[in-house]
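**Student:** Please find upload.txt (compact mmCIF, C-alpha atoms) on the next line:
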```txt
# COMPACT_ATOMS: atom_id res chain seq x y z
CA MET A 1 9.23 114.29 -185.74
CA PRO A 2 8.91 112.22 -188.92
CA VAL A 3 11.17 109.20 -189.27
CA LYS A 4 12.27 107.36 -192.37
CA VAL A 5 11.04 103.81 -192.74
CA SER A 6 12.00 101.36 -195.44
CA MET A 7 11.13 97.74 -196.11
CA THR A 8 10.40 95.32 -198.93
CA VAL A 9 6.73 94.88 -199.73
CA ASN A 10 5.66 92.16 -202.16
CA GLY A 11 9.21 92.04 -203.52
CA LYS A 12 9.57 95.79 -204.08
CA PRO A 13 11.68 98.08 -201.92
CA VAL A 14 9.60 100.91 -200.45
CA ALA A 15 10.48 103.88 -198.25
CA ALA A 16 8.64 106.85 -196.79
CA GLU A 17 8.76 109.48 -194.09
CA VAL A 18 6.16 108.70 -191.46
CA GLU A 19 5.22 109.76 -187.95
CA GLU A 20 6.73 107.44 -185.31
CA ARG A 21 3.27 106.32 -184.21
CA THR A 22 2.24 105.16 -187.70
CA LEU A 23 0.92 101.61 -187.55
CA LEU A 24 2.17 99.14 -190.12
CA VAL A 25 -1.36 98.67 -191.48
CA THR A 26 -1.72 102.45 -191.92
CA PHE A 27 1.58 102.57 -193.79
CA ILE A 28 0.50 99.71 -196.06
CA ARG A 29 -2.96 101.12 -196.77
CA GLU A 30 -2.35 104.87 -196.83
CA ASN A 31 1.25 105.30 -197.92
CA LEU A 32 1.48 102.35 -200.28
CA ARG A 33 -2.24 102.38 -201.22
CA LEU A 34 -2.37 98.60 -200.86
CA THR A 35 -5.91 98.46 -199.52
CA GLY A 36 -6.33 94.68 -199.68
CA THR A 37 -5.10 94.52 -196.08
CA HIS A 38 -8.18 95.44 -194.05
CA VAL A 39 -8.75 97.05 -190.67
CA GLY A 40 -11.59 95.34 -188.85
CA CYS A 41 -11.43 95.62 -185.08
CA ASP A 42 -8.24 97.70 -184.80
CA THR A 43 -7.55 95.87 -181.51
CA ALA A 44 -5.57 92.79 -182.68
CA GLN A 45 -8.51 90.44 -182.36
CA CYS A 46 -10.22 89.99 -185.73
CA GLY A 47 -7.24 89.23 -187.98
CA ALA A 48 -8.48 91.18 -191.06
CA CYS A 49 -5.11 93.00 -191.10
CA THR A 50 -3.00 89.82 -191.22
CA ILE A 51 0.14 90.08 -193.36
CA HIS A 52 3.42 88.14 -193.41
CA MET A 53 6.58 89.65 -191.96
CA ASN A 54 9.74 87.70 -192.79
CA GLY A 55 7.54 84.68 -193.53
CA ASN A 56 5.40 84.77 -190.37
CA ALA A 57 1.78 85.91 -190.16
CA VAL A 58 1.35 88.95 -187.91
CA LYS A 59 -1.39 91.49 -187.24
CA ALA A 60 -0.43 94.74 -188.98
CA CYS A 61 -2.81 96.83 -186.84
CA ASN A 62 -0.95 95.91 -183.67
CA MET A 63 2.55 96.98 -184.60
CA LEU A 64 4.38 100.11 -185.62
CA ALA A 65 5.61 100.55 -189.16
CA MET A 66 9.03 101.11 -187.58
CA GLN A 67 8.95 97.57 -186.17
CA ALA A 68 8.95 96.36 -189.78
CA GLU A 69 12.00 98.46 -190.72
CA GLY A 70 14.14 96.38 -193.08
CA ALA A 71 11.64 93.50 -193.08
CA ASP A 72 10.28 91.47 -195.95
CA ILE A 73 6.52 92.04 -196.03
CA LEU A 74 3.96 90.06 -198.00
CA THR A 75 0.39 91.34 -198.35
CA ILE A 76 -2.60 89.79 -200.09
CA GLU A 77 -1.68 91.73 -203.26
CA GLY A 78 1.61 89.81 -203.49
CA VAL A 79 0.24 86.31 -203.07
CA ALA A 80 -0.87 85.49 -206.64
CA ALA A 81 1.70 84.71 -209.35
CA ALA A 82 2.97 87.54 -211.54
CA ASP A 83 0.76 86.39 -214.43
CA GLY A 84 -2.34 86.61 -212.22
CA THR A 85 -2.65 82.89 -211.49
CA LEU A 86 -4.20 82.61 -208.06
CA HIS A 87 -2.26 81.10 -205.16
CA PRO A 88 -3.67 77.61 -204.36
CA MET A 89 -5.13 79.02 -201.13
CA GLN A 90 -6.93 81.80 -203.03
CA GLU A 91 -8.08 79.27 -205.62
CA ALA A 92 -9.44 76.99 -202.87
CA PHE A 93 -11.32 79.91 -201.27
CA ARG A 94 -12.87 80.64 -204.71
CA GLU A 95 -13.64 76.99 -205.43
CA HIS A 96 -15.31 76.37 -202.04
CA HIS A 97 -17.00 79.76 -201.88
CA ALA A 98 -15.16 80.38 -198.62
CA LEU A 99 -16.47 83.91 -198.26
CA GLN A 100 -19.69 85.74 -197.81
CA CYS A 101 -19.18 89.51 -197.53
CA GLY A 102 -15.44 89.08 -198.14
CA PHE A 103 -14.20 91.57 -195.57
CA CYS A 104 -12.24 89.02 -193.54
CA THR A 105 -11.00 87.16 -196.63
CA PRO A 106 -7.57 88.78 -197.16
CA GLY A 107 -6.66 88.15 -193.52
CA MET A 108 -8.11 84.63 -193.67
CA VAL A 109 -6.03 83.77 -196.75
CA MET A 110 -2.82 85.22 -195.28
CA SER A 111 -3.43 83.40 -191.99
CA ALA A 112 -4.35 80.17 -193.79
CA ILE A 113 -1.11 80.17 -195.81
CA ASP A 114 0.85 80.55 -192.55
CA LEU A 115 -1.31 77.85 -190.92
CA VAL A 116 -0.54 75.20 -193.55
CA LYS A 117 3.15 76.13 -193.44
CA ARG A 118 3.15 75.36 -189.70
CA HIS A 119 0.85 72.36 -190.05
CA PRO A 120 1.37 70.82 -193.50
CA LYS A 121 -1.25 68.10 -192.92
CA PRO A 122 -3.80 69.74 -190.65
CA THR A 123 -6.91 68.01 -189.36
CA GLU A 124 -10.20 69.85 -189.27
CA ALA A 125 -9.76 70.33 -185.51
CA VAL A 126 -6.32 71.88 -186.03
CA VAL A 127 -7.65 74.26 -188.70
CA ARG A 128 -10.53 75.38 -186.48
CA ALA A 129 -8.26 75.86 -183.47
CA GLU A 130 -5.57 77.68 -185.46
CA LEU A 131 -8.14 80.07 -186.96
CA ASP A 132 -8.92 81.54 -183.56
CA GLY A 133 -7.19 84.77 -184.51
CA ASN A 134 -9.41 85.38 -187.54
CA PHE A 135 -13.06 86.34 -187.23
CA CYS A 136 -15.67 85.94 -189.97
CA ARG A 137 -18.66 87.93 -188.77
CA CYS A 138 -20.82 86.36 -191.47
CA THR A 139 -19.92 83.18 -189.54
CA GLY A 140 -18.95 81.47 -192.79
CA TYR A 141 -16.35 79.27 -191.16
CA HIS A 142 -17.60 76.00 -192.60
CA ASN A 143 -16.47 76.67 -196.17
CA ILE A 144 -13.32 78.45 -195.00
CA VAL A 145 -12.27 75.30 -193.14
CA LYS A 146 -13.10 73.16 -196.20
CA ALA A 147 -11.00 75.43 -198.44
CA ILE A 148 -7.99 75.33 -196.13
CA LEU A 149 -8.12 71.53 -195.83
CA ASP A 150 -8.34 71.26 -199.62
CA ALA A 151 -5.49 73.71 -200.24
CA ALA A 152 -3.07 72.33 -197.63
CA PRO A 153 -1.50 69.56 -199.78
CA LYS A 154 -1.33 71.91 -202.80
CA VAL A 155 0.45 74.61 -200.80
CA ALA A 156 2.84 71.97 -199.39
CA ALA A 157 3.57 70.80 -202.96
CA MET A 158 4.60 74.36 -203.92
CA ARG A 159 7.74 74.12 -201.84
CA MET B 1 -2.18 106.87 -179.96
CA TYR B 2 -0.35 109.92 -178.61
CA ALA B 3 2.86 110.96 -180.34
CA PHE B 4 6.19 109.69 -178.99
CA ASN B 5 9.84 109.54 -179.93
CA TYR B 6 11.02 106.28 -181.39
CA GLN B 7 14.44 104.77 -180.93
CA LYS B 8 15.74 101.44 -182.16
CA ALA B 9 18.19 99.94 -179.65
CA LYS B 10 21.32 98.27 -181.07
CA SER B 11 22.28 96.43 -177.88
CA VAL B 12 21.13 95.81 -174.31
CA ALA B 13 23.52 98.50 -173.08
CA ASP B 14 22.19 100.93 -175.67
CA ALA B 15 18.56 100.23 -174.65
CA ALA B 16 19.32 100.45 -170.92
CA ALA B 17 21.07 103.79 -171.40
CA ALA B 18 18.13 105.20 -173.37
CA LEU B 19 15.64 104.00 -170.75
CA ALA B 20 17.74 105.29 -167.84
CA LYS B 21 18.03 108.71 -169.47
CA ASN B 22 14.28 109.14 -169.91
CA PRO B 23 11.98 108.00 -167.08
CA ASP B 24 8.96 108.42 -169.40
CA ALA B 25 10.38 105.99 -171.96
CA LYS B 26 9.07 102.45 -172.39
CA ALA B 27 10.83 99.39 -173.76
CA LEU B 28 9.02 97.89 -176.76
CA ALA B 29 9.39 94.12 -177.05
CA GLY B 30 6.83 92.48 -179.38
CA GLY B 31 4.30 95.17 -178.61
CA GLN B 32 1.31 92.86 -178.40
CA SER B 33 0.27 94.41 -175.08
CA LEU B 34 2.04 97.79 -175.23
CA ILE B 35 0.88 98.90 -178.70
CA ALA B 36 -2.70 97.88 -177.87
CA ALA B 37 -2.52 99.84 -174.59
CA MET B 38 -1.05 102.88 -176.39
CA LYS B 39 -3.84 102.80 -178.97
CA LEU B 40 -6.38 102.87 -176.15
CA ARG B 41 -4.33 105.67 -174.50
CA LEU B 42 -3.98 103.52 -171.40
CA ALA B 43 -0.25 103.95 -171.92
CA ALA B 44 1.32 107.13 -173.26
CA PRO B 45 5.11 106.89 -173.08
CA ALA B 46 7.08 109.93 -174.22
CA ALA B 47 9.54 107.63 -175.94
CA VAL B 48 9.63 104.05 -177.11
CA VAL B 49 12.87 102.04 -177.18
CA ASP B 50 12.44 99.19 -179.64
CA LEU B 51 14.28 95.99 -178.66
CA GLY B 52 13.38 94.25 -181.94
CA GLY B 53 16.88 94.60 -183.37
CA VAL B 54 18.81 93.37 -180.33
CA ALA B 55 20.01 89.94 -181.44
CA GLU B 56 21.62 89.08 -178.08
CA LEU B 57 18.14 88.96 -176.50
CA ARG B 58 16.88 86.16 -178.73
CA GLY B 59 17.37 82.42 -178.68
CA ILE B 60 16.89 79.25 -176.66
CA LYS B 61 19.67 77.27 -174.97
CA SER B 62 19.41 74.01 -173.08
CA ASP B 63 22.07 72.16 -171.09
CA GLY B 64 19.77 69.44 -169.75
CA LYS B 65 19.49 71.06 -166.31
CA ASN B 66 18.32 74.52 -167.32
CA LEU B 67 16.49 75.90 -170.28
CA VAL B 68 17.44 79.50 -170.96
CA VAL B 69 15.06 81.53 -173.11
CA GLY B 70 16.10 84.99 -174.33
CA ALA B 71 13.75 87.83 -173.42
CA MET B 72 12.94 88.68 -177.06
CA THR B 73 12.22 85.08 -178.07
CA ARG B 74 8.78 84.99 -179.72
CA HIS B 75 6.09 82.70 -178.31
CA SER B 76 5.95 80.75 -181.59
CA GLU B 77 9.70 80.04 -181.36
CA VAL B 78 9.10 78.47 -177.94
CA VAL B 79 6.12 76.45 -179.26
CA PHE B 80 8.15 74.90 -182.10
CA SER B 81 11.54 74.63 -180.37
CA ASP B 82 12.82 71.05 -180.17
CA ASP B 83 14.89 72.01 -177.10
CA VAL B 84 11.80 73.26 -175.26
CA ARG B 85 9.62 70.34 -176.34
CA LYS B 86 12.25 67.90 -175.11
CA ALA B 87 13.17 69.63 -171.84
CA ILE B 88 9.86 71.17 -170.70
CA PRO B 89 6.97 70.16 -172.98
CA ALA B 90 4.52 71.94 -170.65
CA LEU B 91 6.28 75.24 -171.46
CA ALA B 92 5.91 74.70 -175.22
CA HIS B 93 2.26 73.83 -174.63
CA LEU B 94 1.73 76.97 -172.55
CA ALA B 95 3.32 79.20 -175.19
CA GLY B 96 0.99 77.69 -177.77
CA GLU B 97 -2.02 78.67 -175.67
CA ILE B 98 -1.15 82.39 -175.68
CA GLY B 99 -3.36 84.66 -177.80
CA ASP B 100 -3.53 83.44 -181.40
CA ARG B 101 -0.94 82.39 -183.99
CA MET B 102 -0.33 85.94 -185.24
CA VAL B 103 0.06 87.31 -181.72
CA ARG B 104 2.44 84.42 -180.91
CA ASN B 105 4.58 85.36 -183.92
CA MET B 106 5.21 88.82 -182.38
CA GLY B 107 4.77 88.49 -178.61
CA THR B 108 7.81 87.76 -176.44
CA LEU B 109 8.58 86.10 -173.11
CA GLY B 110 10.28 89.19 -171.69
CA GLY B 111 7.48 91.49 -172.78
CA SER B 112 4.86 89.25 -171.22
CA ILE B 113 6.44 88.95 -167.79
CA ALA B 114 7.58 92.59 -167.64
CA HIS B 115 3.97 93.61 -168.34
CA ASN B 116 2.69 91.07 -165.76
CA ASP B 117 -0.93 91.07 -166.88
CA PRO B 118 -2.96 89.31 -164.17
CA ALA B 119 -4.37 86.88 -166.78
CA ALA B 120 -1.18 86.25 -168.77
CA ASP B 121 0.10 82.69 -169.18
CA TYR B 122 3.89 83.03 -168.89
CA PRO B 123 3.93 84.27 -165.26
CA ALA B 124 2.41 80.89 -164.27
CA ALA B 125 5.31 79.02 -165.90
CA VAL B 126 7.99 81.33 -164.50
CA LEU B 127 6.61 81.06 -160.95
CA GLY B 128 5.51 77.42 -161.29
CA LEU B 129 8.94 76.25 -162.44
CA GLY B 130 10.79 78.46 -159.96
CA ALA B 131 12.65 80.14 -162.81
CA THR B 132 15.25 82.87 -162.49
CA VAL B 133 14.72 86.16 -164.31
CA GLU B 134 18.01 87.60 -165.52
CA THR B 135 18.27 91.32 -166.15
CA ASN B 136 21.06 93.64 -167.27
CA LYS B 137 21.72 94.26 -163.56
CA ARG B 138 21.02 91.09 -161.56
CA LYS B 139 19.26 87.74 -161.22
CA ILE B 140 15.79 87.73 -159.65
CA ALA B 141 14.08 84.59 -158.33
CA ALA B 142 10.53 84.13 -159.67
CA ASP B 143 9.21 84.26 -156.09
CA ASP B 144 10.57 87.82 -155.80
CA PHE B 145 9.77 89.00 -159.33
CA PHE B 146 5.97 89.27 -159.53
CA LYS B 147 4.88 91.98 -157.08
CA GLY B 148 1.23 92.72 -157.84
CA LEU B 149 -1.19 93.94 -160.49
CA TYR B 150 1.01 94.87 -163.51
CA GLU B 151 3.86 95.27 -161.03
CA THR B 152 7.24 93.54 -160.99
CA ALA B 153 10.57 93.88 -159.19
CA LEU B 154 12.08 95.61 -162.24
CA GLU B 155 13.58 99.01 -161.50
CA PRO B 156 13.62 101.95 -163.91
CA GLY B 157 16.18 101.30 -166.63
CA GLU B 158 16.32 97.59 -165.81
CA LEU B 159 15.78 95.19 -168.73
CA ILE B 160 15.03 91.49 -168.71
CA THR B 161 17.66 89.70 -170.78
CA SER B 162 16.59 86.05 -170.34
CA VAL B 163 14.72 83.61 -168.14
CA SER B 164 16.37 80.42 -166.89
CA PHE B 165 13.90 77.58 -166.30
CA PRO B 166 15.15 74.61 -164.23
CA VAL B 167 14.08 71.42 -166.03
CA PRO B 168 11.47 69.67 -163.84
CA LYS B 169 10.81 65.95 -163.52
CA ARG B 170 7.35 66.60 -164.90
CA ALA B 171 5.04 69.58 -165.34
CA GLY B 172 1.62 70.48 -166.69
CA TYR B 173 -0.32 73.62 -167.53
CA VAL B 174 -4.05 73.82 -168.07
CA LYS B 175 -6.07 76.97 -168.49
CA PHE B 176 -9.73 77.79 -168.71
CA LYS B 177 -9.86 80.39 -171.47
CA GLN B 178 -11.90 83.52 -171.18
CA PRO B 179 -13.95 82.76 -174.30
CA ALA B 180 -13.62 86.18 -175.96
CA SER B 181 -10.04 87.24 -175.18
CA ARG B 182 -8.46 83.76 -174.80
CA PHE B 183 -6.61 85.08 -171.76
CA ALA B 184 -6.64 82.77 -168.74
CA LEU B 185 -9.83 83.05 -166.73
CA VAL B 186 -7.85 80.70 -164.52
CA GLY B 187 -4.66 78.88 -165.46
CA VAL B 188 -2.70 76.52 -163.23
CA PHE B 189 0.90 75.42 -163.73
CA VAL B 190 2.04 72.41 -161.70
CA ALA B 191 5.69 71.31 -161.62
CA ASP B 192 7.31 68.36 -159.87
CA THR B 193 10.84 69.70 -159.53
CA GLY B 194 14.00 68.34 -158.00
CA SER B 195 13.30 70.45 -154.90
CA GLY B 196 9.59 69.85 -154.36
CA VAL B 197 6.28 70.53 -156.05
CA ARG B 198 5.21 74.00 -157.12
CA VAL B 199 1.70 75.15 -158.04
CA ALA B 200 1.24 78.58 -159.65
CA VAL B 201 -2.12 80.16 -160.47
CA THR B 202 -2.72 82.92 -163.01
CA GLY B 203 -5.94 84.73 -163.97
CA ALA B 204 -7.61 84.18 -160.61
CA GLY B 205 -6.08 86.99 -158.58
CA PRO B 206 -4.51 90.40 -159.20
CA CYS B 207 -1.14 88.69 -159.68
CA VAL B 208 0.14 85.14 -160.19
CA PHE B 209 0.38 83.26 -156.86
CA ARG B 210 1.35 79.88 -155.39
CA VAL B 211 -0.88 77.48 -153.43
CA PRO B 212 1.27 75.97 -150.63
CA GLU B 213 -1.48 73.63 -149.44
CA MET B 214 -1.68 71.98 -152.87
CA GLU B 215 2.12 71.83 -153.11
CA LYS B 216 2.29 69.98 -149.79
CA ALA B 217 -0.42 67.50 -150.77
CA LEU B 218 1.21 66.81 -154.15
CA ALA B 219 4.63 66.36 -152.56
CA SER B 220 3.32 63.41 -150.55
CA LYS B 221 1.35 62.01 -153.50
CA PHE B 222 1.58 63.43 -157.02
CA ALA B 223 -1.93 62.61 -158.24
CA PRO B 224 -5.06 64.59 -159.20
CA GLU B 225 -7.02 63.34 -156.18
CA SER B 226 -4.46 64.96 -153.86
CA VAL B 227 -5.75 68.42 -154.81
CA ALA B 228 -9.38 67.49 -155.51
CA ASN B 229 -10.63 68.58 -152.09
CA ILE B 230 -8.39 71.60 -151.59
CA ARG B 231 -10.41 74.78 -151.98
CA ILE B 232 -8.78 78.17 -152.01
CA PRO B 233 -10.55 81.15 -150.39
CA ASP B 234 -12.25 83.50 -152.88
CA LYS B 235 -11.37 86.58 -150.83
CA GLY B 236 -9.29 88.99 -152.93
CA LEU B 237 -9.75 87.09 -156.20
CA ASN B 238 -10.82 88.81 -159.40
CA SER B 239 -14.51 89.27 -160.03
CA ASP B 240 -15.91 90.63 -163.31
CA ILE B 241 -18.66 90.04 -165.88
CA HIS B 242 -16.90 86.87 -167.04
CA ALA B 243 -16.64 85.13 -163.69
CA SER B 244 -17.18 85.83 -159.99
CA ALA B 245 -14.45 85.35 -157.40
CA GLU B 246 -16.26 82.24 -156.14
CA TYR B 247 -16.29 80.76 -159.64
CA ARG B 248 -12.59 81.48 -160.12
CA ALA B 249 -11.77 79.92 -156.74
CA HIS B 250 -13.65 76.79 -157.79
CA LEU B 251 -11.82 76.73 -161.14
CA VAL B 252 -8.44 76.79 -159.40
CA THR B 253 -9.13 73.35 -157.93
CA VAL B 254 -10.49 71.99 -161.22
CA MET B 255 -7.58 73.34 -163.29
CA ALA B 256 -5.05 72.12 -160.70
CA LYS B 257 -6.46 68.58 -160.96
CA ARG B 258 -6.24 68.69 -164.75
CA ALA B 259 -2.72 70.18 -164.67
CA VAL B 260 -1.52 67.31 -162.46
CA GLN B 261 -3.15 64.87 -164.87
CA ALA B 262 -1.41 66.62 -167.80
CA ALA B 263 1.93 66.38 -165.97
CA LEU B 264 1.42 62.65 -165.53
CA GLY B 265 0.92 62.40 -169.30
```
Please express the file's structure as structure tokens.
**Tutor:**
Amino acid sequence: MPVKVSMTVNGKPVAAEVEERTLLVTFIRENLRLTGTHVGCDTAQCGACTIHMNGNAVKACNMLAMQAEGADILTIEGVAAADGTLHPMQEAFREHHALQCGFCTPGMVMSAIDLVKRHPKPTEAVVRAELDGNFCRCTGYHNIVKAILDAAPKVAAMR
Amino acid sequence: MYAFNYQKAKSVADAAAALAKNPDAKALAGGQSLIAAMKLRLAAPAAVVDLGGVAELRGIKSDGKNLVVGAMTRHSEVVFSDDVRKAIPALAHLAGEIGDRMVRNMGTLGGSIAHNDPAADYPAAVLGLGATVETNKRKIAADDFFKGLYETALEPGELITSVSFPVPKRAGYVKFKQPASRFALVGVFVADTGSGVRVAVTGAGPCVFRVPEMEKALASKFAPESVANIRIPDKGLNSDIHASAEYRAHLVTVMAKRAVQAALG
């Protein structure tokens, strides 16, 4: 039996009728057509589906859309400024070439923004440890870590 | 995932009534184990009762003697709680070792111990600290709560509301992570409490268990060397591609030593 789900995604109210078993990532990708949020492992390990719910990074493939009822959701599409200026974390990923194939990148950026919120002045060891929920199968971690360390003070200065 | 009926509970009473009415219904806490199991069709409840909106199940309270953590409190809230860090730093440390940051932002204390995964971290803290599990019906001592592989003392329609942890003199938790899943290959929680020393082991056996021999040795001298020569039998321990029972038995001693060291600071 379809149920009605509604939430705010990237500042816009959205609503749809979905099956109860619809995952949040499916709702985001297929109902809202926001395909920046990726599905990698589909088992809550790789982190490609990372989004923010009420300000906290979560894995959208491991929760029901209904669990996000009424929540404030931020996806990779909502991270840059309205005029297209990249978020400092996106800019740092670009600057440091912190991607190879790019598949993990949206999840990496969403996780990294949450990481520097929790740890405003992270060390390299903290960044590496806190990235354990995001896999880069190109193994391009070196530049990802560099980008996050570079962006951390800039993200902190935003608030 | 098979289809199911979804219901959002408004209160503990509301959730308990829905679960009591339908024996094939499951309570949904953070869903970090349940949703994954449903996707793999290892679990196929006819109905899911979502506890996400029940405010009375969330929060952390401390009165100096006991730390009470609501069942729906997320792991990350425990990690960053000043009350927890002050009263039982080992518990904040343990919560920070669960899964990854995104999983910790969703997963809950109640969900973890109700599921009772043999390699989960929280059961070690609940048993190691001699906590009391409070439900909508009664209070259950940790020693009576964990019954076996994925099995607890919870009855149908019974919901965990909070866990009360007595504040120990000192405590430590160290785990050897299974390198792929980050679950505990073996994790040991050691607590020096007002009423003796408790040692709880997760990951090694089908269910969290205590090691009385280590507890006795630590009660006479709380130091790593007290447990260094205590070996536990490997009979009945878990054995899989990641580690044999013998290896896990050996790790129990090593992790226990390190946990005592961690407790000493």
**Student:** Identify which of the residues B:Pro233, B:Gly187, B:Gly53, B:Pro156 lies closest to Ala25 of chain B, counting only C-alpha atoms when measuring atom-to-atom distances.
**Tutor:** B:Pro156
**Student:** Kindly compute an axis-aligned box around the listed atoms of segment 127-135 of chain A, allowing 6 Å on each side, and express its centre and edge lengths in Å to one decimal as lines of an AutoDock Vina configuration file.
**Tutor:**
```
center_x = -9.3
center_y = 80.3
center_z = -186.1
size_x = 19.5
size_y = 24.1
size_z = 17.2
```
**Student:** List as a PyMOL selection string: which residues have an atom within 8 Å of (-5.2, 76.3, -163.3), counting only C-alpha atoms?
**Tutor:** chain B and resi 173-176+186-189+200-202+251-256+258-259
**Student:** Hey, what's within 10 Å of Ser33 of chain B if we count all atoms listed in the file and toss same-chain stuff fewer than 4 positions away? As a ChimeraX atom specification, please?
**Tutor:** /A:44,62 /B:28-29,37-38,103,107,111-112,115,117
**Student:** Could you work out which residues of chain A fall inside 9 Å of chain B? Count only C-alpha atoms, and format the result as a list of chain:residue names.
**Tutor:**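 Result, ordered by chain then number: A:Met1, A:Val3, A:Glu19, A:Glu20, A:Arg21, A:Asp42, A:Thr43, A:Ala44, A:Gln45, A:Gly47, A:Thr50, A:Asn56, A:Ala57, A:Val58, A:Lys59, A:Asn62, A:Met63, A:Leu64, A:Met66, A:Gln67, A:Ser111, A:Asp114, A:Leu115, A:Glu130, A:Leu131, A:Asp132, A:Gly133, A:Asn134.
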**Student:** Would you list the contacts of Glu77 of chain A as an NGL selection string, taking every protein, DNA or RNA residue within 10 Å and counting only C-alpha atoms, but skipping same-chain residues closer than 3 positions in sequence?
**Tutor:** :A and (9-10 or 34-37 or 74 or 80-81 or 106)
**Student:** Write out as an MDAnalysis selection string each polymer residue whose atoms come within 8 Å of Pro153 of chain A, counting only C-alpha atoms; drop sequence neighbours fewer than 3 positions from it.
**Tutor:** chainID A and resid 120:121 149:150 156:157
**Student:** Interatomic distance between atom CA of Gly236 of chain B and atom CA of Ala204 of chain B?
**Tutor:** 9.2 Å
**Student:** Between A:Val155, A:Ile28, A:Met7, A:Ala82, which one has atoms that come closest to Asn54 of chain A, using all atoms listed in the file?
**Tutor:**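 That would be A:Met7, the residue with the smallest distance to Asn54 of chain A.
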**Student:** Quick one: residues within 6 Å of (-1.7, 99.2, -186.6) (file frame), counting all atoms listed in the file, please, as a list of chain:residue names.
**Tutor:**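 Looking at atoms near the point gives A:Leu23, A:Leu24, A:Val25, A:Ala60, A:Cys61, A:Asn62, A:Met63.
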**Student:** Selection from above, C-alpha atoms, as a short mmCIF file (atom, residue, chain, number, x, y, z; two decimals), keeping the file's coordinate frame, can you write it?
**Tutor:**
```
data_model
loop_
_atom_site.label_atom_id
_atom_site.label_comp_id
_atom_site.auth_asym_id
_atom_site.auth_seq_id
_atom_site.Cartn_x
_atom_site.Cartn_y
_atom_site.Cartn_z
CA LEU A 23 0.92 101.61 -187.55
CA LEU A 24 2.17 99.14 -190.12
CA VAL A 25 -1.36 98.67 -191.48
CA ALA A 60 -0.43 94.74 -188.98
CA CYS A 61 -2.81 96.83 -186.84
CA ASN A 62 -0.95 95.91 -183.67
CA MET A 63 2.55 96.98 -184.60
#
```
**Student:** Between B:Ala219, B:Ala17, B:Leu149, B:Ile88, which one has atoms that come closest to Ile113 of chain B, using only C-alpha atoms?
**Tutor:**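 Using only C-alpha atoms, the shortest distance to Ile113 of chain B belongs to B:Leu149.
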**Student:** For the atom pair atom CA of Ala92 of chain B and atom CA of Gly172 of chain B, what is the interatomic distance in Å to one decimal place?
**Tutor:** 10.4 Å
**Student:** By how many Å are atom CA of Val260 of chain B and atom CA of Ala223 of chain B apart?
**Tutor:**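 Going from atom CA of Val260 of chain B over to atom CA of Ala223 of chain B, I get 6.3 Å.
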